[in-house]
Amino acid sequence: MAETLWFNYSAKKSDYYLYCHNILFLFLIFSLVPLPLVFVEMMKSLGFHKYKIQPKVSLSFSEMFKCYKDVMRMFVLVVGPLQLVSYPSVKMIGIQTGLPLPSVWEILSQLTVYFMIEDYTNYWIHRFLHCKWGYENIHRVHHEFAAPIGFAAPYAHWLEILILGIPSFLGPAIAPGHMITFWLWIALRQIEAIETHSGYDFPWAPTRFIPFYGGADYHDYHHYVGEQSQSNFASVFTYCDYIYGTDKGYRYHKKVLRKLKEQSKANGAQNGASYYVPTQDLKSE
């Protein structure tokens, strides 16, 4: 049935036209997926504020909308054109558009490989972007949000957008699959990025069940420390930071938070959703 639907839809469409669906998917993801987070941020009376990682930081609707407008400007000037001109490389690596469709197992295994390759290569590029030159000239734009929001996930310097496109492309280049798998990869990677920039650590998030997954709390710490951060560089998982020793500041931070919460409970104080250790204390670590 799925193959019949795919054939009826794709048979008379060029491969280039199918590939350009990514532009529509990215526009919808950038525009719609962060909206529930905006609603949660604005409607504090609903009780979700207790899950906010940096509860003392609050952005107005106009500030969040300005971020969205900046993201859309980069989308029109950089992301969209990049998708339009990158088709020859996709054709070269052998992305398929015909039948048969891949099995669910094949799609899941390839997506796993894509995430792991992207995470590893992104880790090293991200570390480079935190050197003095990389941060001051490129990466500081993304760190304008010390307390990230969903719309800020793709908010970056135009050169960073181009550079970080390389890790996203490496997985499909090494293990090429079907166009449907490629669509899913691009969509899921952006949705994951929006979640890690959400600013909220929801206990019911299904990603909590993924082994070695970082999540919003993990990446939020990286934004909080900012330029001084030498911790939590990985985009998705935590194993690279653990292997290369770049999660020590974060682990120290969590250790101090546990002590603060224990002291607050002992004193009968009301706990907020989270605490943050002063940056100068982390820098010494």
# chains A, B, ... in the order shown; residues from 1 in each chain; ligands from 1
>>> residues_around(residues="A:Asp201", least_positions_apart="3", cutoff="9 Å", atoms="only C-alpha atoms", output="list in words")
Tyr51, Lys52, Ile53, Thr196, Ser198, Trp204, Ala205, Gly215, Ala216, Asp217 and Ala273 of chain A
>>> residues_around(residues="stretch 89-104 of chain A", least_positions_apart="5", cutoff="7 Å", atoms="only C-alpha atoms", output="ChimeraX atom specification")
/A:3,15,173,176-179
>>> write_last_selection(atoms="N, CA, C and O atoms", output="PDB file, in the first residue's frame")
ATOM      1  N   GLU A   3       3.925   1.529  -1.073  1.00  0.00           N
ATOM      2  CA  GLU A   3       4.608   1.641  -2.359  1.00  0.00           C
ATOM      3  C   GLU A   3       3.673   2.143  -3.443  1.00  0.00           C
ATOM      4  O   GLU A   3       4.083   2.895  -4.339  1.00  0.00           O
ATOM      5  N   ASP A  15      13.296  13.839  -9.742  1.00  0.00           N
ATOM      6  CA  ASP A  15      14.033  13.631  -8.493  1.00  0.00           C
ATOM      7  C   ASP A  15      14.382  14.968  -7.847  1.00  0.00           C
ATOM      8  O   ASP A  15      14.393  15.091  -6.618  1.00  0.00           O
ATOM      9  N   ALA A 173      25.856  10.440   2.898  1.00  0.00           N
ATOM     10  CA  ALA A 173      26.918  10.215   1.915  1.00  0.00           C
ATOM     11  C   ALA A 173      27.609   8.876   2.154  1.00  0.00           C
ATOM     12  O   ALA A 173      27.966   8.166   1.205  1.00  0.00           O
ATOM     13  N   PRO A 176      24.093   5.871   1.913  1.00  0.00           N
ATOM     14  CA  PRO A 176      22.945   6.440   1.188  1.00  0.00           C
ATOM     15  C   PRO A 176      21.725   5.527   1.227  1.00  0.00           C
ATOM     16  O   PRO A 176      21.843   4.295   1.176  1.00  0.00           O
ATOM     17  N   GLY A 177      20.578   6.138   1.316  1.00  0.00           N
ATOM     18  CA  GLY A 177      19.337   5.377   1.369  1.00  0.00           C
ATOM     19  C   GLY A 177      18.305   5.930   0.409  1.00  0.00           C
ATOM     20  O   GLY A 177      18.636   6.481  -0.645  1.00  0.00           O
ATOM     21  N   HIS A 178      17.063   5.837   0.802  1.00  0.00           N
ATOM     22  CA  HIS A 178      15.953   6.307  -0.016  1.00  0.00           C
ATOM     23  C   HIS A 178      15.659   7.767   0.301  1.00  0.00           C
ATOM     24  O   HIS A 178      16.019   8.280   1.362  1.00  0.00           O
ATOM     25  N   MET A 179      14.996   8.445  -0.625  1.00  0.00           N
ATOM     26  CA  MET A 179      14.633   9.841  -0.413  1.00  0.00           C
ATOM     27  C   MET A 179      13.747  10.006   0.819  1.00  0.00           C
ATOM     28  O   MET A 179      13.854  11.011   1.551  1.00  0.00           O
TER      29      MET A 179
END
>>> closest_residue(among="A:Phe115, A:Val38, A:Ser45, A:Gln110", to="A:Ile149", atoms="only C-alpha atoms")
A:Val38
>>> residues_around(residues="A:Ala234", least_positions_apart="5", cutoff="9 Å", atoms="only C-alpha atoms", output="count of residues only")
13
>>> residues_around(residues="A:Pro154", least_positions_apart="2", cutoff="10 Å", atoms="only C-alpha atoms", output="PyMOL selection string")
chain A and resi 30+67-68+70-72+74-75+79+142+150-152+156-157+160-161+190+193-194+197
>>> closest_residue(among="A:Ser229, A:Gln54, A:Gln83, A:Thr238", to="A:Phe169", atoms="only C-alpha atoms")
A:Gln83
>>> closest_residue(among="A:Cys20, A:Lys265, A:Glu41, A:Tyr218", to="A:Pro81", atoms="only C-alpha atoms")
A:Cys20
>>> atom_distance(atom1="atom CA of A:Leu32", atom2="atom CA of A:Tyr155")
15.3 Å
>>> select_by_dssp(residues="stretch 142-225 of chain A", states="helix (DSSP H, G or I)", output="ChimeraX atom specification")
/A:142-144,150-152,158-163,165-174,179-196,206-209,215-225
>>> closest_residue(among="A:Ile174, A:Leu84, A:Leu35, A:Ala146", to="A:Val225", atoms="only C-alpha atoms")
A:Ala146
